[in-house]
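Working notes, beginning with the structure itself.
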Amino acid sequence: MSLQELIGAGTKKDLWGQPVLTAENVSITYEVDPPVHAVKNVSLTLKRGEILGLAGESGCGKTTLAFGMNQLLKPPAHFREGKVTFHDESGEDIIVSELVGEKLRRFRWDKISMVFQGAMNSLNPVVTVRKQLHDVFTTHRPGMRKDEREARSARLLERVNVDPRRLGSYAHELSGGMRQRVMIAMALALNPQVMIMDEPTTALDVVVQRGILREIMELREEFGFAVIFITHDLPMLLEISDRIAVMLEGEIVEFDSAENIYKNAQHPYTRRLLSSFPSLTGKRGDFVRTGGHQ
Amino acid sequence: MKFYVRKFAFYLITLWAAISLNFALPRMMPGDPATIMLSKMFRSGTPTPEQIKAVESLLGGTKDMSLWDQYLDYWQRIFSWDLGISITNFVPVTELIGSALPWTLGLVGLATILSFLIGIIGGAIIGWKRGTVLDHIIPATTLMQSIPYFWVAMVMVFIFSTSLGWFPNVWAYDAYGFSEPEWSWDFIKSVLLHGTLPAITIIISAVGGWLLGMRNMMVSTLSEDFITTAEAKGLRSGRIMWGYTVRNAVMPSIYGFAVSLAFVVAGSVVMEQVFSYPGIGKLLISSVRDNDFALMQGVFLVITMTVLVANFLMDMFYGFIDPRARHNA
Amino acid sequence: MPKNTELDITASPTAAAATENGAVQGEEIEVVKAPDAKPARIVRFGRYLKNNPKFTVGLSIVIAVVAFSFIAPFFTQNPRFYDNPAYDPPSADHLLGTTKLGHDMLAQLAHGSRGSLIVGVTAGVIAVILSVLFGVVGGYLGGWTDEILSLFTSVMLVIPGLPLAIVLSAYLSSRSLWLVALVLAITGWAGSAIVLRSQARSLRTRDYVYAARVAGERPLRIITVEILPNLLPLVAAQFLFALILAILGEAGLSYLGLGPTGSITWGTILNQAQTGGALTMGAWWWFIPPGLMIALVGGGLSLINFSIDEIINPKLRFAPEAAKRARKIEKRLAKRQAKKAKVAA
């Protein structure tokens, strides 16, 4: 059985382009002394099937925003204002920011899943990979039998190029790249419509990074989920994203297609960000964009 | 596998060290324990040459054997369960220990297990809820930890026995009603009645440590990334609490069980004195009072071996539940 | 080359909040003003005391008990003076009553405090020195030294401490305060040694230690200059722990009659109370005060230890506070929503 047959066909391509996740005037504050306004009045729309890059330097609020969109914020972080709406395939609109309790729990991972930064510590160290994949199914698909769960888990690992025999391994027995792939497999398990990836490749070396990026793009083609890809690596986003949002100190300062940003960045910060990455081609000392677009 | 072999070897070495320590102590300390014991024995009766030899072997004093030969002889006796005889009525040490050990194992063992469970589960619940009123229990239980067991026992006796008369304050069962332990419901009731105050004493004093340790580890673990992942996965909070958080947070408590158990043993030894509870602790104390060195060394050895076995079991259990430990060994 | 190299890669939200306006204007970045100079040390210490009730309470208790043990003996009767009426409950003459032998209880308590604290502190110091020796030296040096030292430590840990102390004391017919302290220290250092060893081992892999090694510094110097200062909070915590252990241990030994011969400590008072039948006679003033003192001093030291724990592990400090604050905010929001609903109705 193909993975498609096992977990479902994914979002049909003819739905691509419609909004799947909308954030309106979201503000998030860290209630410390003095309060830190990590996200200020941010609005953005994620379209079905697209890869939306969220770029910015450390501390600009991109991770906070991502966590806020999925209600994963922990005190002292506080979702002050705003609304996050999920536009389900079925046509129903779910206001994520108002979900509580059992409804929130059921919504999670099924509609939106996440891949976190530095999978070093994102897997439970004392429990096997198998158990961690299985518990997604036992929680969200209680009707599945044990052999079905096993089959799906094995196919998921295969799809991300991890040997299914690794199901019996523990987190510390896997390399960094393998762990990240396991995280991606786990995020894929319920065939979500949106995947939020927070610096999924930052802690890995460039070769592994490239492999994983390629897999993400292939999986997106196959299953049709939308991706919010968070990273500080703007050139990477230029290569893989459809649209890019640049964040600075809690606000989105530029939000355009990748091509437009590469060719014709409007905001001075975006331009400066682009000019900070050394270029591999061109003369020595050249940056991706020569400093200050004239 | 290597992990288990290593652990087993360690405990074997510790056993060897404890037995050798038992051999060396009477010979190292000032005074001549063997002579003291022998003179006492001669005063109260006539020991047989066998018994004299036993005393000398255990406590040192044989002039005609080299130290090494004494050492080997000592080991031989240990293997044949010969720990010498007590001054009182020349009863074999092993017999006295045999009748005292079950009481201690029963009371102290049960109370320790209860304290551990209450402490761990209580700490898990308090730590999980983070920042509620329950958090204020913590300083209180910690204060309780620094109170000496035996003083708590004294207070208990004063309040519940002397003043209120609810519980008896000596012995493990009604010594006047039963001449010998028997398997009757009355006897068991008597045992439970007599054991309540001592058990409560142990639980009150021991629970604080595990409670605090577990609560701190819970708070620590809850800020780990894999907990965030578990929440994002939409797992039920019960599963996150027990399968993810507790499962990880309980590790140091099990790992540090050795240290905690030392406290419990120490406390119980003294507590048995307060209640005149006929366990190993009381036996140790009375042997010290009577300068009954053979009995004293024998009891010390048995206490050490019991603690060793308990720690060994906990260590094995730890290896079983923490895959990283097995990996690193 | 880009003209303006002022891009601040490490801008943080806090810095943003500190500047005049958060957004970046044009090509210039405004220089963030340096924070005000820190106020005097004593003021900071006072503020620390205010914000950390655990530490303040603990420290006050300990200081109070120590002061009591130093000062009170000058103002009380001779504790061995026995010509008082026996078994007297507390009265104006004898604030804490008298014992069976006619000793004034307050005097006994005051002198007992001295005895217990002397034994406790001595034992604690010796124990900590042993722990550092076995733990830090072994943990840093590694290799065979570490294997042997840690094996010894582990063995000492498993062999039960108080029973061993009892056995050792039994062989020593006359025991001074110092000897008892020594016995307690010998039976109690193992636990701390293990903790210190694991920390020393992890410090060994830090860059600055490695740099010192590569620079050719001798191990002893590295241990004293690079490693020990970083272990200081932990060593302090272990010292306090050893103190508590020693005081409790001495109380236990003395209660069993194996304490310092001829001296008065809280434990010896309890021993006399037990043998003098205080429990059955209901003479609570005889055995409650010494136990309370032990509990107080132990509790105070534990509280101080907690505060150190919270310094070493900030997660313990912030998570519960943060959760509480969040709950407060939620309550406020809920109230506001309820008000809005009422107004709308």
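We name chains A, B, ... following the order of the structure tokens; residues begin at 1 in each chain, and ligands are numbered from 1 as shown.
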
Please provide as a VMD selection string all residues within 10 Å of Ile159 of chain B, with the sequence filter that same-chain residues fewer than 6 positions apart are discarded (counting only C-alpha atoms).
(chain B and resid 153 165 to 167) or (chain C and resid 279 282)

Written selection (all heavy atoms) as a tab-separated table (two decimals), in the first residue's frame:
chain	number	residue	atom	x	y	z
B	153	ALA	N	8.89	10.65	66.59
B	153	ALA	CA	8.36	9.47	67.27
B	153	ALA	C	8.01	9.79	68.71
B	153	ALA	O	6.94	9.41	69.21
B	153	ALA	CB	9.38	8.34	67.22
B	165	GLY	N	-4.04	7.97	74.53
B	165	GLY	CA	-4.22	6.55	74.77
B	165	GLY	C	-4.76	5.76	73.60
B	165	GLY	O	-5.32	4.68	73.76
B	166	TRP	N	-4.62	6.28	72.40
B	166	TRP	CA	-5.15	5.55	71.25
B	166	TRP	C	-4.29	4.37	70.85
B	166	TRP	O	-4.79	3.35	70.38
B	166	TRP	CB	-5.28	6.47	70.04
B	166	TRP	CG	-6.37	7.45	70.14
B	166	TRP	CD1	-7.30	7.54	71.13
B	166	TRP	CD2	-6.66	8.49	69.23
B	166	TRP	NE1	-8.15	8.58	70.88
B	166	TRP	CE2	-7.79	9.17	69.72
B	166	TRP	CE3	-6.09	8.90	68.02
B	166	TRP	CZ2	-8.33	10.24	69.05
B	166	TRP	CZ3	-6.64	9.98	67.36
B	166	TRP	CH2	-7.76	10.64	67.89
B	167	PHE	N	-2.95	4.58	70.96
B	167	PHE	CA	-2.05	3.54	70.47
B	167	PHE	C	-1.10	3.11	71.56
B	167	PHE	O	-0.74	3.89	72.42
B	167	PHE	CB	-1.22	4.06	69.28
B	167	PHE	CG	-2.03	4.32	68.06
B	167	PHE	CD1	-2.46	5.59	67.76
B	167	PHE	CD2	-2.35	3.29	67.20
B	167	PHE	CE1	-3.20	5.84	66.63
B	167	PHE	CE2	-3.08	3.52	66.06
B	167	PHE	CZ	-3.52	4.80	65.78
C	279	LEU	N	8.47	11.06	78.66
C	279	LEU	CA	7.30	10.80	77.84
C	279	LEU	C	6.12	10.33	78.69
C	279	LEU	O	5.00	10.80	78.55
C	279	LEU	CB	7.62	9.73	76.77
C	279	LEU	CG	8.60	10.15	75.69
C	279	LEU	CD1	8.81	9.01	74.72
C	279	LEU	CD2	8.07	11.36	74.96
C	282	GLY	N	4.82	12.94	80.92
C	282	GLY	CA	4.20	14.09	80.29
C	282	GLY	C	5.00	15.37	80.45
C	282	GLY	O	4.45	16.47	80.34

I'd like a table as a tab-separated table: residues in chain A with an atom no more than 9 Å from chain C, each row giving the shortest atom pair and its distance in Å to one decimal, only C-alpha atoms counted, sorted by chain and rising residue number.
residue	atom	partner	partner_atom	distance
A:Glu31	CA	C:Arg325	CA	8.2
A:Val32	CA	C:Ala322	CA	8.6
A:Pro34	CA	C:Thr14	CA	8.5
A:Pro35	CA	C:Ala17	CA	8.5
A:Val36	CA	C:Pro13	CA	6.2
A:His37	CA	C:Pro13	CA	7.0
A:Ala38	CA	C:Pro13	CA	6.2
A:Glu57	CA	C:Ile9	CA	6.5
A:Ser58	CA	C:Thr10	CA	6.5
A:Gly59	CA	C:Ser12	CA	5.0
A:Cys60	CA	C:Pro13	CA	6.9
A:Gly61	CA	C:Pro13	CA	8.1
A:Lys74	CA	C:Ala323	CA	8.2
A:Pro75	CA	C:Ala322	CA	5.3
A:Pro76	CA	C:Ala322	CA	5.3
A:Ala77	CA	C:Ala326	CA	8.3
A:His78	CA	C:Ala326	CA	7.7
A:Leu248	CA	C:Ala23	CA	7.8
A:Glu249	CA	C:Pro13	CA	6.1
A:Gly250	CA	C:Pro13	CA	7.8
A:Glu251	CA	C:Ala23	CA	8.7
A:Pro268	CA	C:Gly26	CA	6.8
A:Tyr269	CA	C:Val24	CA	7.5
A:Arg272	CA	C:Leu7	CA	7.7
A:Leu273	CA	C:Leu7	CA	8.6
A:Ser275	CA	C:Pro2	CA	7.6
A:Ser276	CA	C:Pro2	CA	8.7
A:Gly285	CA	C:Met1	CA	6.9
A:Asp286	CA	C:Met1	CA	7.2
A:Phe287	CA	C:Met1	CA	8.1
A:Thr290	CA	C:Pro2	CA	7.0
A:Gly291	CA	C:Pro2	CA	4.4
A:Gly292	CA	C:Pro2	CA	6.9

Fewer than 2 positions away in the same chain doesn't count, so skip those; otherwise give me all residues within 8 Å of segment 238-246 of chain A, counting only C-alpha atoms, as a compact mmCIF listing (two decimals) with N, CA and C atoms, in the first residue's frame.
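Result went into part23.txt, see below:
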# COMPACT_ATOMS: atom_id res chain seq x y z
N GLU A 50 0.84 26.44 -0.41
CA GLU A 50 1.99 27.30 -0.65
C GLU A 50 3.02 27.12 0.45
N ILE A 51 4.26 27.53 0.14
CA ILE A 51 5.29 27.59 1.17
C ILE A 51 5.49 29.06 1.49
N LEU A 52 5.15 29.43 2.70
CA LEU A 52 5.30 30.81 3.13
C LEU A 52 6.52 30.88 4.03
N GLY A 53 7.50 31.67 3.62
CA GLY A 53 8.69 31.80 4.45
C GLY A 53 8.51 32.94 5.44
N LEU A 54 8.93 32.71 6.65
CA LEU A 54 8.86 33.75 7.67
C LEU A 54 10.29 34.02 8.10
N ALA A 55 10.81 35.17 7.70
CA ALA A 55 12.24 35.43 7.92
C ALA A 55 12.44 36.54 8.92
N GLY A 56 13.59 36.54 9.54
CA GLY A 56 13.93 37.60 10.48
C GLY A 56 15.06 37.16 11.37
N MET A 217 9.85 19.59 0.01
CA MET A 217 9.19 20.07 -1.19
C MET A 217 8.49 18.94 -1.93
N LEU A 234 17.56 33.84 4.94
CA LEU A 234 16.75 34.40 3.85
C LEU A 234 17.07 33.80 2.49
N PRO A 235 18.33 33.60 2.13
CA PRO A 235 18.62 32.99 0.84
C PRO A 235 17.96 31.62 0.68
N MET A 236 17.89 30.83 1.77
CA MET A 236 17.22 29.53 1.68
C MET A 236 15.76 29.74 1.31
N LEU A 248 10.49 42.15 11.71
CA LEU A 248 11.48 42.92 12.45
C LEU A 248 10.82 43.42 13.72
N ILE A 252 5.58 42.77 10.76
CA ILE A 252 5.95 42.33 9.41
C ILE A 252 6.23 43.58 8.58
N VAL A 253 7.45 43.69 8.13
CA VAL A 253 7.83 44.90 7.39
C VAL A 253 7.74 44.72 5.88
N GLU A 254 7.72 43.45 5.45
CA GLU A 254 7.58 43.23 4.01
C GLU A 254 6.94 41.89 3.78
N PHE A 255 6.01 41.81 2.84
CA PHE A 255 5.29 40.56 2.60
C PHE A 255 5.00 40.48 1.11
N ASP A 256 5.79 39.66 0.38
CA ASP A 256 5.65 39.67 -1.08
C ASP A 256 6.10 38.30 -1.61
N SER A 257 5.99 38.12 -2.92
CA SER A 257 6.46 36.86 -3.49
C SER A 257 7.97 36.83 -3.40
N ALA A 258 8.51 35.60 -3.41
CA ALA A 258 9.96 35.45 -3.27
C ALA A 258 10.69 36.17 -4.38
N GLU A 259 10.10 36.07 -5.58
CA GLU A 259 10.77 36.68 -6.72
C GLU A 259 10.87 38.19 -6.58
N ILE A 261 10.83 39.90 -3.87
CA ILE A 261 11.74 40.29 -2.81
C ILE A 261 13.18 40.20 -3.28
N TYR A 262 13.45 39.18 -4.07
CA TYR A 262 14.81 39.03 -4.56
C TYR A 262 15.19 40.17 -5.50
N THR A 270 14.73 44.79 4.75
CA THR A 270 14.84 43.63 3.88
C THR A 270 16.09 43.72 3.02

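Using only C-alpha atoms, one finds that the residues of chain B close to chain A, at 9 Å or less, are B:Glu224, B:Asp225, B:Phe226, B:Ile227, B:Thr228, B:Thr229, B:Ala230, B:Glu231, B:Ala232, B:Lys233, B:Gly234, B:Leu235, B:Arg236, B:Gly243, B:Tyr244, B:Arg247, B:Asn248, B:Ile321, B:Asp322, B:Pro323, B:Arg324, B:His327.
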
Those residues you just picked out, can you put them in a file as a compact mmCIF listing (two decimals), in the first residue's frame with C-alpha atoms?
# COMPACT_ATOMS: atom_id res chain seq x y z
CA GLU B 224 11.66 20.69 27.94
CA ASP B 225 11.08 20.71 24.20
CA PHE B 226 9.57 17.28 23.96
CA ILE B 227 6.75 18.32 26.25
CA THR B 228 5.94 21.17 23.87
CA THR B 229 5.99 18.66 21.04
CA ALA B 230 3.64 16.39 22.94
CA GLU B 231 1.21 19.24 23.51
CA ALA B 232 1.40 20.30 19.89
CA LYS B 233 0.60 16.72 18.95
CA GLY B 234 -2.70 17.11 20.74
CA LEU B 235 -2.09 14.26 23.14
CA ARG B 236 -4.39 13.93 26.12
CA GLY B 243 3.89 9.05 29.93
CA TYR B 244 6.07 12.01 29.08
CA ARG B 247 8.33 9.09 33.11
CA ASN B 248 11.29 11.44 32.73
CA ILE B 321 13.46 2.14 32.54
CA ASP B 322 16.18 4.47 31.28
CA PRO B 323 17.45 3.41 27.85
CA ARG B 324 20.21 6.02 27.93
CA HIS B 327 23.44 2.82 26.18

Restrict the distance test to only C-alpha atoms, flag each residue of chain B within 6 Å of chain C, and return the flagged residues as a PDB file with N, CA, C and O atoms, in the first residue's frame.
ATOM      1  N   THR B  14      31.120  -4.245  46.577  1.00  0.00           N
ATOM      2  CA  THR B  14      30.643  -3.594  47.787  1.00  0.00           C
ATOM      3  C   THR B  14      30.389  -4.615  48.885  1.00  0.00           C
ATOM      4  O   THR B  14      30.713  -4.376  50.051  1.00  0.00           O
ATOM      5  N   ARG B 130       1.798  23.348  38.893  1.00  0.00           N
ATOM      6  CA  ARG B 130       2.633  24.547  38.867  1.00  0.00           C
ATOM      7  C   ARG B 130       1.990  25.806  39.399  1.00  0.00           C
ATOM      8  O   ARG B 130       1.132  26.414  38.781  1.00  0.00           O
ATOM      9  N   GLY B 131       2.436  26.268  40.530  1.00  0.00           N
ATOM     10  CA  GLY B 131       2.025  27.583  40.982  1.00  0.00           C
ATOM     11  C   GLY B 131       0.634  27.653  41.590  1.00  0.00           C
ATOM     12  O   GLY B 131      -0.007  28.668  41.577  1.00  0.00           O
ATOM     13  N   LEU B 143      10.469  21.264  55.806  1.00  0.00           N
ATOM     14  CA  LEU B 143      10.759  21.498  57.206  1.00  0.00           C
ATOM     15  C   LEU B 143      10.663  20.178  57.947  1.00  0.00           C
ATOM     16  O   LEU B 143      11.467  19.863  58.804  1.00  0.00           O
ATOM     17  N   SER B 146      13.743  18.011  58.064  1.00  0.00           N
ATOM     18  CA  SER B 146      14.892  18.260  58.924  1.00  0.00           C
ATOM     19  C   SER B 146      14.591  17.945  60.368  1.00  0.00           C
ATOM     20  O   SER B 146      15.407  18.166  61.235  1.00  0.00           O
ATOM     21  N   ILE B 147      13.393  17.428  60.629  1.00  0.00           N
ATOM     22  CA  ILE B 147      13.099  17.030  61.995  1.00  0.00           C
ATOM     23  C   ILE B 147      13.587  15.604  62.175  1.00  0.00           C
ATOM     24  O   ILE B 147      13.284  14.750  61.359  1.00  0.00           O
ATOM     25  N   TRP B 151      12.580  12.151  67.163  1.00  0.00           N
ATOM     26  CA  TRP B 151      11.864  13.174  67.902  1.00  0.00           C
ATOM     27  C   TRP B 151      10.393  13.188  67.506  1.00  0.00           C
ATOM     28  O   TRP B 151       9.508  13.324  68.355  1.00  0.00           O
ATOM     29  N   PHE B 158       3.926  10.844  72.747  1.00  0.00           N
ATOM     30  CA  PHE B 158       3.390  11.747  73.756  1.00  0.00           C
ATOM     31  C   PHE B 158       1.933  12.073  73.470  1.00  0.00           C
ATOM     32  O   PHE B 158       1.090  12.029  74.360  1.00  0.00           O
ATOM     33  N   ALA B 262      19.448   5.476  52.707  1.00  0.00           N
ATOM     34  CA  ALA B 262      20.363   5.592  53.846  1.00  0.00           C
ATOM     35  C   ALA B 262      19.695   6.383  54.963  1.00  0.00           C
ATOM     36  O   ALA B 262      19.810   6.025  56.138  1.00  0.00           O
ATOM     37  N   ALA B 266      18.793   4.955  58.651  1.00  0.00           N
ATOM     38  CA  ALA B 266      19.317   5.638  59.829  1.00  0.00           C
ATOM     39  C   ALA B 266      18.189   6.023  60.761  1.00  0.00           C
ATOM     40  O   ALA B 266      18.232   5.774  61.959  1.00  0.00           O
ATOM     41  N   VAL B 288      25.117  -2.704  71.436  1.00  0.00           N
ATOM     42  CA  VAL B 288      26.130  -1.692  71.749  1.00  0.00           C
ATOM     43  C   VAL B 288      26.161  -1.451  73.249  1.00  0.00           C
ATOM     44  O   VAL B 288      27.217  -1.395  73.862  1.00  0.00           O
ATOM     45  N   THR B 304      23.741  -3.839  56.459  1.00  0.00           N
ATOM     46  CA  THR B 304      24.434  -3.448  55.227  1.00  0.00           C
ATOM     47  C   THR B 304      23.954  -4.286  54.053  1.00  0.00           C
ATOM     48  O   THR B 304      23.692  -3.759  52.971  1.00  0.00           O
TER      49      THR B 304
END

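Shortest separation to Thr275 of chain C among C:Ile42, C:Val65, C:Leu228, C:Leu101 occurs at residue C:Leu101, atoms counted being only C-alpha atoms.
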
Write out as a PyMOL selection string all residues of segment 6-227 of chain A that backbone DSSP assigns to strand (DSSP E or B).
chain A and resi 19-30+36-47+51-55+77-87+93-95+108+112-115+194-198+226-227

Just the residues within 6 Å of Leu96 of chain C, please, counting only C-alpha atoms, with nothing from its chain fewer than 3 positions along; format it as a ChimeraX atom specification.
/C:90,105-106

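Of the listed residues B:Val219, B:Leu67, B:Leu261, B:Ala199, the one whose atoms come nearest to Val108 of chain B is B:Ala199, with distances taken using only C-alpha atoms.
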
Residues within 10 Å of Leu240 of chain C, please, as a VMD selection string. Count only C-alpha atoms; anything in the same chain fewer than 3 positions from it doesn't count.
chain C and resid 121 124 to 125 128 234 to 237 243 to 246 298 301 to 302 304 to 305
